[in-house]
There are 2 protein chains.
Amino acid sequence: MTIEGMLLVGQQVRYGTAGTLRAVEAATGAAMEPAFGGATAADLEEACALAAAAFDPYRTAAPELRATFLETIAAEILALGDALIVRAMAETGLPRGRLEGERGRTVGQLRLFAAVVRDGGYLDVRIDPAQPERKPLPRPDLRLVNQPLGPVAVFGASNFPLAFSVAGGDTASAFAAGCPVIVKAHSAHPGTSELVGRAVQKAVAACGLPAGTFSLLFDSGRAIGQGLVADPRIKAVGFTGSRGGGTALMKIAAARPEPIPVYAEMSSINPVVLLPAAIAARGAAIGTAFAASLTLGAGQFCTNPGLVLALEGPGLDGFLTAAAGALSACAAQTMLTPGILAAYRAGVAALAENPAVTAVASGLDGGDLSGTARLFATAAADFLADHRLQAEVFGAASLVVRCPDEAALHAVIDALEGQLTGAIHLDDGDTAVAARLMPHLERKVGRVLVNGFGTGVEVAHAMVHGGPYPSTADGRSTSVGTLAIDRFLRPVCYQDVPQALLPPVLRDDNPFRVPRRIDGRLTLPEA
Amino acid sequence: MTIEGMLLVGQQVRYGTAGTLRAVEAATGAAMEPAFGGATAADLEEACALAAAAFDPYRTAAPELRATFLETIAAEILALGDALIVRAMAETGLPRGRLEGERGRTVGQLRLFAAVVRDGGYLDVRIDPAQPERKPLPRPDLRLVNQPLGPVAVFGASNFPLAFSVAGGDTASAFAAGCPVIVKAHSAHPGTSELVGRAVQKAVAACGLPAGTFSLLFDSGRAIGQGLVADPRIKAVGFTGSRGGGTALMKIAAARPEPIPVYAEMSSINPVVLLPAAIAARGAAIGTAFAASLTLGAGQFCTNPGLVLALEGPGLDGFLTAAAGALSACAAQTMLTPGILAAYRAGVAALAENPAVTAVASGLDGGDLSGTARLFATAAADFLADHRLQAEVFGAASLVVRCPDEAALHAVIDALEGQLTGAIHLDDGDTAVAARLMPHLERKVGRVLVNGFGTGVEVAHAMVHGGPYPSTADGRSTSVGTLAIDRFLRPVCYQDVPQALLPPVLRDDNPFRVPRRIDGRLTLPEA
């Protein structure tokens, strides 16, 4: 499939006339062909009108059709073949292996949500049958089901050009919920976006779904993205990116006559806690593993370990020596965009210039477009005194905070902003310390992990990729895993509604065989 | 128990020194004894510090203790005896029968949430066991459970002095979720609030829970309520009241360094749709029932039928005649507060002065402190042209919109703001019309009901008392029914965490026998 720089407005393919944008080859900085036409206000209006018109037919389509649609998208993405990988490599600088893995994850995610749609548990069907004889008043027949919110705006992420972009987690979970989606493509990988967008567009047609189920817009500035969030027909927003970008969208959404939820996954430094017995026993091994996690994908993961909280003890030097050794041998890596690289360098410079911070290690230097891994250290008291030391440095930089005792460790954690993940490295001898630590950590994060690192987010039923503000805009949700579907749903109750007028899933005969809570008691469909 | 005008700060009882407030006897306008001392900033600070300290011990208390706590509150409220009813009657002007019923509902609600806590389904426990042999990478052990958000601020409602005030639905659901609660008492019923607050305070002590599990503050102005929402230790807000009050709290919450969710239940006019066959067959009966719903509790219900959408047809005159007849005989009723009465009269005057609106009926006049029921009518085109006609008039006033055809009916519904409820009156002959109507209505409301009225909100598993903005601040939630607990929870994932460090509910042996989703498959504990 040729990349033509085209907007996809429902089933139409057209060249936007509001300016142009081009991809930049990450490894060379060269502008790439073709030029993408930016969407006009009229394109946005049409995409929103189509999405609004698609909402009722799409949300009331049979679950099996919605599941098939998700699987068809997966098949169409695979059918794009190597051209997708080649283009994504050029646009992002990410290596082939990573992108092939990410494609597998994207396809797997779409298929997993198809299974969620078929299972129907996410609908939270509840039936409280009528009690006409109840005194003093009869009880009506009450039935509850989660309904989709409406058309959703999705902003693709720069660091996951497949798994969190056009047909990534936000889009898959919104489609699964029954919401049409309008994607604002990330300007860092427009060609990848167009290819995947065409795969989705083909799946819409193949499944006979309404045209407005999906649109893809390019934005040569910021007006289209902002206008999308402000449009009254849009009922929720999915975003992965910077804190500045996320909070800007939150402001727009909150200022609407009808405010809407924004699920922005923004910034996190993912504290890694090192406990004494663990580092005494295997500090060097933990240090080596830490360096590998820190530099994975040039450190461009939301769950990158940007903060290490170490209790002073005999193993700490071993950890630092091993981490420094591994990092010193690390080649510099091409970063996603010149903007991300500039921000990374500025963040590293701010740490280097902070008098309370010492440099521990530096990776190898590279070309003009590459980021060099860096490790710094500071004392708990200094960290507590300077809020700037909590700022996320997006890339392969981390800060070790030396904590003299448990009280200092708890104080540092209590002073942290909300985080996506918190890791603890422990051995059996650390159990009592860890038990006292656990409540501090679990109040701050969406995921607690032991003897591992947050990078590598499993797409699963029990995953939470979300956390208290500002790691995400709404810590009551996850953007990875099957629970992500909940973001795009709201409960609706039907009281004394005749069978013929009920949503089919609420009818007595349970045609889709979903789990139901009847009079409060959970019941499973017969096998 | 004597009413002393006291703040309850944890287990302490003290007189606030920041000004005073008094209850006003609703029927006479006379100030009542005693004067209540307003909380100071220091009182607020102490309540918040206590709540923060109580959070970990309270949330980790065994489910059985939390359930017993809810039941103990219920018992302590009943132990207050008739003094509670007598005081509430004086402060609100609501009749004895209504308040005795509301007490039953309040107690039943607390007991229902005890059952929810014991059931454990709300925890949404999910376990994806480790797959150490998986290729290319092993899968970690992942376990998810809903954890409480933290201390919650609750603002009592004027119109439900028991069921949505100090120990009402917001408080019960927050306690059930594992959150300490600080209540800002409504100034319209401070004596009722103190009595119920002391019942909760006794239950905290009787169950050996941390003192900060509950505090009750009176506010002689607005600073304490606003300061409560702004305090960094508060993690969510429950509110029932006016749109102005709710949006003011939303603004404060959104402007915090860490924004928090506000569950404000604000305003709704609850459209009632009359379909042709139904009104042709029994227009008069529907009209009489409508008048009864409209005037129940002086119309001071969030679900009051403030809007009637009628398809022009042979039965409409019958409906109007019967409704007008019933209303004309209705005695004026004492309203909750002079402020609410003044707002009601202003809203009625605005309708009466609108040239597109005609008066249909008026109830009997009453004393200076009573509201008179009113019914108005307008045409669909006029309603569509004047957004002011959608404004909630809190009290026993309603507006009939005559719709010449289905297209006009759909247009009027599409132009409505979000609503708590939408009712349809239909007969068998209306099924086709109703099927076409249903998608329009269900997009706008939290509850669709047939051949009834929204007043009388059942506390049940399948109830939704919530709806798209501005009926509530967050249409993804309900404030009535067991699903209300979800408002105060967020998912947390535990990855490779040893059994000894896991929250007990996530351990392999499932000590609390909760439903679990294992590898995506829902499993129930054995009976």
# chains A, B, ... in the order shown; residues from 1 in each chain; ligands from 1
>>> closest_atom_pairs(of="chain A", to="chain B", cutoff="8 Å", atoms="only C-alpha atoms", output="tab-separated table")
residue	atom	partner	partner_atom	distance
A:Asp56	CA	B:Pro439	CA	7.1
A:Arg126	CA	B:Ala462	CA	5.1
A:Ile127	CA	B:Ala462	CA	5.9
A:Asp128	CA	B:Ala462	CA	6.1
A:Arg139	CA	B:Glu458	CA	7.5
A:Leu142	CA	B:Ala462	CA	5.7
A:Arg143	CA	B:Ala462	CA	5.4
A:Leu144	CA	B:Ala462	CA	4.9
A:Glu258	CA	B:Tyr469	CA	5.8
A:Pro259	CA	B:Tyr469	CA	7.2
A:Thr431	CA	B:Leu501	CA	7.6
A:Ala434	CA	B:Leu501	CA	7.5
A:Ala435	CA	B:Leu501	CA	6.1
A:Met438	CA	B:Leu501	CA	7.7
A:Pro439	CA	B:Asp56	CA	7.1
A:Glu442	CA	B:Val492	CA	7.6
A:Val445	CA	B:Val492	CA	7.5
A:Gly446	CA	B:Val492	CA	4.8
A:Arg447	CA	B:Cys493	CA	4.5
A:Val448	CA	B:Tyr494	CA	4.9
A:Leu449	CA	B:Gln495	CA	4.5
A:Val450	CA	B:Val497	CA	5.3
A:Asn451	CA	B:Asp496	CA	7.5
A:Glu458	CA	B:Arg139	CA	7.5
A:Ala460	CA	B:Asp128	CA	7.3
A:His461	CA	B:Gly520	CA	5.8
A:Ala462	CA	B:Leu144	CA	4.9
A:Met463	CA	B:Cys493	CA	5.9
A:Val464	CA	B:Cys493	CA	5.4
A:Tyr469	CA	B:Glu258	CA	5.8
A:Pro470	CA	B:Glu258	CA	7.0
A:Gly475	CA	B:Arg490	CA	6.5
A:Arg476	CA	B:Arg490	CA	4.3
A:Ser477	CA	B:Arg490	CA	6.7
A:Thr478	CA	B:Pro491	CA	7.8
A:Leu489	CA	B:Arg476	CA	6.7
A:Arg490	CA	B:Arg476	CA	4.3
A:Pro491	CA	B:Arg476	CA	6.5
A:Val492	CA	B:Gly446	CA	4.8
A:Cys493	CA	B:Arg447	CA	4.5
A:Tyr494	CA	B:Val448	CA	4.9
A:Gln495	CA	B:Leu449	CA	4.4
A:Asp496	CA	B:Val450	CA	5.5
A:Val497	CA	B:Val450	CA	5.3
A:Pro498	CA	B:Val450	CA	7.9
A:Leu501	CA	B:Ala435	CA	6.1
A:Asp519	CA	B:His461	CA	6.8
A:Gly520	CA	B:His461	CA	5.8
A:Leu522	CA	B:Leu524	CA	7.9
A:Leu524	CA	B:Leu522	CA	7.9
>>> select_by_dssp(residues="segment 181-284 of chain A", states="strand (DSSP E or B)", output="PyMOL selection string")
chain A and resi 181-184+214-217+236-240+262-265+271-274
>>> write_last_selection(atoms="N, CA, C and O atoms", output="compact mmCIF listing (two decimals), in the first residue's frame")
# COMPACT_ATOMS: atom_id res chain seq x y z
N VAL A 181 -14.40 6.09 16.76
CA VAL A 181 -13.13 6.71 17.13
C VAL A 181 -12.66 7.66 16.03
O VAL A 181 -12.72 7.32 14.84
N ILE A 182 -12.22 8.84 16.44
CA ILE A 182 -11.49 9.74 15.53
C ILE A 182 -10.08 9.87 16.08
O ILE A 182 -9.88 10.29 17.22
N VAL A 183 -9.09 9.48 15.26
CA VAL A 183 -7.70 9.56 15.69
C VAL A 183 -7.06 10.83 15.15
O VAL A 183 -7.18 11.13 13.96
N LYS A 184 -6.39 11.55 16.03
CA LYS A 184 -5.49 12.62 15.59
C LYS A 184 -4.10 11.99 15.56
O LYS A 184 -3.54 11.64 16.59
N PHE A 214 -14.84 5.18 12.09
CA PHE A 214 -13.42 5.53 12.22
C PHE A 214 -13.05 6.64 11.26
O PHE A 214 -13.45 6.63 10.10
N SER A 215 -12.27 7.61 11.75
CA SER A 215 -11.64 8.60 10.89
C SER A 215 -10.22 8.86 11.40
O SER A 215 -9.94 8.66 12.59
N LEU A 216 -9.36 9.29 10.50
CA LEU A 216 -7.97 9.61 10.86
C LEU A 216 -7.65 10.99 10.32
O LEU A 216 -7.79 11.24 9.12
N LEU A 217 -7.22 11.89 11.20
CA LEU A 217 -6.92 13.25 10.80
C LEU A 217 -5.45 13.59 11.08
O LEU A 217 -4.91 13.20 12.12
N ALA A 236 -15.28 11.49 25.01
CA ALA A 236 -14.14 11.10 25.84
C ALA A 236 -12.88 11.21 25.00
O ALA A 236 -12.95 11.22 23.76
N VAL A 237 -11.75 11.31 25.68
CA VAL A 237 -10.47 11.50 25.01
C VAL A 237 -9.45 10.51 25.57
O VAL A 237 -9.34 10.35 26.79
N GLY A 238 -8.70 9.88 24.68
CA GLY A 238 -7.56 9.05 25.07
C GLY A 238 -6.28 9.71 24.57
O GLY A 238 -6.21 10.12 23.40
N PHE A 239 -5.29 9.82 25.43
CA PHE A 239 -4.06 10.54 25.09
C PHE A 239 -2.90 9.88 25.81
O PHE A 239 -3.02 9.50 26.97
N THR A 240 -1.78 9.76 25.12
CA THR A 240 -0.53 9.35 25.78
C THR A 240 0.54 10.32 25.31
O THR A 240 0.74 10.48 24.11
N VAL A 262 -10.99 12.96 30.21
CA VAL A 262 -9.76 12.85 29.44
C VAL A 262 -8.90 11.80 30.12
O VAL A 262 -8.60 11.91 31.30
N TYR A 263 -8.57 10.76 29.38
CA TYR A 263 -7.67 9.73 29.89
C TYR A 263 -6.29 10.00 29.32
O TYR A 263 -5.94 9.53 28.25
N ALA A 264 -5.55 10.83 30.04
CA ALA A 264 -4.22 11.22 29.58
C ALA A 264 -3.20 10.48 30.43
O ALA A 264 -3.25 10.54 31.65
N GLU A 265 -2.31 9.78 29.75
CA GLU A 265 -1.24 9.08 30.45
C GLU A 265 -0.02 9.95 30.19
O GLU A 265 0.39 10.13 29.05
N PRO A 271 9.45 4.83 40.75
CA PRO A 271 10.47 4.53 41.77
C PRO A 271 10.78 3.04 41.87
O PRO A 271 9.88 2.19 41.83
N VAL A 272 12.06 2.75 42.01
CA VAL A 272 12.55 1.39 42.23
C VAL A 272 13.19 1.39 43.61
O VAL A 272 14.15 2.12 43.85
N VAL A 273 12.65 0.59 44.53
CA VAL A 273 13.17 0.57 45.89
C VAL A 273 14.09 -0.63 46.06
O VAL A 273 13.72 -1.76 45.71
N LEU A 274 15.28 -0.38 46.58
CA LEU A 274 16.25 -1.45 46.82
C LEU A 274 16.31 -1.71 48.32
O LEU A 274 16.66 -0.81 49.09
>>> residues_around(residues="Ser193 of chain B", least_positions_apart="4", cutoff="12 Å", atoms="only C-alpha atoms", output="PyMOL selection string")
chain B and resi 3-8+23+36+77+84-85+87-88+91-92+155-158+160-168+183-189+197-201+215-218
>>> closest_residue(among="A:Gly245, A:Pro404, A:Gly481, A:Gly97", to="Arg222 of chain A", atoms="only C-alpha atoms")
A:Gly245
>>> select_by_dssp(residues="segment 151-336 of chain A", states="helix (DSSP H, G or I)", output="ChimeraX atom specification")
/A:169-177,190-206,211-213,223-230,243-255,276-299,316-328
>>> residues_around(residues="Glu526 of chain B", least_positions_apart="5", cutoff="12 Å", atoms="only C-alpha atoms", output="PDB file with N, CA, C and O atoms, in the first residue's frame")
ATOM      1  N   ASN B 510      -7.729 -17.251  48.843  1.00  0.00           N
ATOM      2  CA  ASN B 510      -8.980 -16.489  48.765  1.00  0.00           C
ATOM      3  C   ASN B 510      -9.712 -16.474  50.112  1.00  0.00           C
ATOM      4  O   ASN B 510     -10.857 -16.937  50.226  1.00  0.00           O
ATOM      5  N   PHE B 512     -11.303 -14.388  51.856  1.00  0.00           N
ATOM      6  CA  PHE B 512     -12.608 -13.736  52.016  1.00  0.00           C
ATOM      7  C   PHE B 512     -13.627 -14.266  50.998  1.00  0.00           C
ATOM      8  O   PHE B 512     -14.730 -13.728  50.888  1.00  0.00           O
ATOM      9  N   ARG B 513     -13.220 -15.312  50.258  1.00  0.00           N
ATOM     10  CA  ARG B 513     -14.149 -16.003  49.365  1.00  0.00           C
ATOM     11  C   ARG B 513     -14.863 -15.024  48.418  1.00  0.00           C
ATOM     12  O   ARG B 513     -16.097 -14.984  48.348  1.00  0.00           O
ATOM     13  N   VAL B 514     -14.075 -14.254  47.711  1.00  0.00           N
ATOM     14  CA  VAL B 514     -14.647 -13.282  46.773  1.00  0.00           C
ATOM     15  C   VAL B 514     -14.642 -13.876  45.362  1.00  0.00           C
ATOM     16  O   VAL B 514     -13.838 -14.767  45.063  1.00  0.00           O
ATOM     17  N   PRO B 515     -15.538 -13.389  44.488  1.00  0.00           N
ATOM     18  CA  PRO B 515     -15.465 -13.803  43.086  1.00  0.00           C
ATOM     19  C   PRO B 515     -14.136 -13.332  42.493  1.00  0.00           C
ATOM     20  O   PRO B 515     -13.635 -12.260  42.848  1.00  0.00           O
ATOM     21  N   ARG B 516     -13.570 -14.142  41.623  1.00  0.00           N
ATOM     22  CA  ARG B 516     -12.296 -13.769  41.001  1.00  0.00           C
ATOM     23  C   ARG B 516     -12.338 -14.057  39.509  1.00  0.00           C
ATOM     24  O   ARG B 516     -12.963 -15.026  39.064  1.00  0.00           O
TER      25      ARG B 516
END
>>> atom_distance(atom1="atom CA of Asp508 of chain B", atom2="atom CA of Arg118 of chain B")
18.3 Å
>>> atom_distance(atom1="atom CA of Thr28 of chain B", atom2="atom CA of Gly225 of chain B")
27.9 Å
>>> residues_around(residues="segment 304-315 of chain A", least_positions_apart="2", cutoff="7 Å", atoms="only C-alpha atoms", output="PyMOL selection string")
chain A and resi 269-276+279-280+283+294+299+301-302+317-319+397-405+454-455
>>> atom_distance(atom1="atom CA of His410 of chain A", atom2="atom CA of Leu441 of chain A")
8.5 Å
>>> closest_residue(among="B:Glu194, B:Glu76, B:Asp414, B:Glu353", to="Val107 of chain B", atoms="only C-alpha atoms")
B:Glu76
>>> residues_around(residues="Val24 of chain A", least_positions_apart="2", cutoff="8 Å", atoms="only C-alpha atoms", output="PyMOL selection string")
chain A and resi 22+26+29-32+91+188+337
>>> write_last_selection(atoms="N, CA and C atoms", output="PDB file, in the first residue's frame")
ATOM      1  N   ARG A  22       5.448  16.702   7.439  1.00  0.00           N
ATOM      2  CA  ARG A  22       6.244  15.585   6.920  1.00  0.00           C
ATOM      3  C   ARG A  22       6.854  14.831   8.077  1.00  0.00           C
ATOM      4  N   ALA A  26      14.242   9.472  11.761  1.00  0.00           N
ATOM      5  CA  ALA A  26      14.807   9.665  13.100  1.00  0.00           C
ATOM      6  C   ALA A  26      16.334   9.585  13.094  1.00  0.00           C
ATOM      7  N   GLY A  29      17.505  12.813  10.502  1.00  0.00           N
ATOM      8  CA  GLY A  29      16.903  14.141  10.562  1.00  0.00           C
ATOM      9  C   GLY A  29      16.369  14.621   9.229  1.00  0.00           C
ATOM     10  N   ALA A  30      16.415  13.765   8.213  1.00  0.00           N
ATOM     11  CA  ALA A  30      15.956  14.177   6.879  1.00  0.00           C
ATOM     12  C   ALA A  30      14.437  14.123   6.781  1.00  0.00           C
ATOM     13  N   ALA A  31      13.850  15.103   6.082  1.00  0.00           N
ATOM     14  CA  ALA A  31      12.405  15.079   5.853  1.00  0.00           C
ATOM     15  C   ALA A  31      12.077  13.954   4.884  1.00  0.00           C
ATOM     16  N   MET A  32      10.967  13.291   5.141  1.00  0.00           N
ATOM     17  CA  MET A  32      10.585  12.134   4.330  1.00  0.00           C
ATOM     18  C   MET A  32       9.396  12.475   3.427  1.00  0.00           C
ATOM     19  N   GLU A  91      10.603   6.225  10.648  1.00  0.00           N
ATOM     20  CA  GLU A  91       9.998   7.386  11.317  1.00  0.00           C
ATOM     21  C   GLU A  91      10.383   7.489  12.786  1.00  0.00           C
ATOM     22  N   ALA A 188       4.903  12.574  14.577  1.00  0.00           N
ATOM     23  CA  ALA A 188       6.202  11.906  14.478  1.00  0.00           C
ATOM     24  C   ALA A 188       6.164  10.659  13.601  1.00  0.00           C
ATOM     25  N   THR A 337      12.316  11.671  18.305  1.00  0.00           N
ATOM     26  CA  THR A 337      12.196  12.926  17.556  1.00  0.00           C
ATOM     27  C   THR A 337      13.244  13.912  18.071  1.00  0.00           C
TER      28      THR A 337
END
>>> closest_residue(among="A:Ala278, A:Leu50, A:Met266, A:Ala90", to="Gln419 of chain A", atoms="only C-alpha atoms")
A:Met266
>>> residues_around(residues="Ala346 of chain A", least_positions_apart="5", cutoff="12 Å", atoms="only C-alpha atoms", output="number ranges by chain")
A: 339-341, 351-353, 371, 391-395, 397
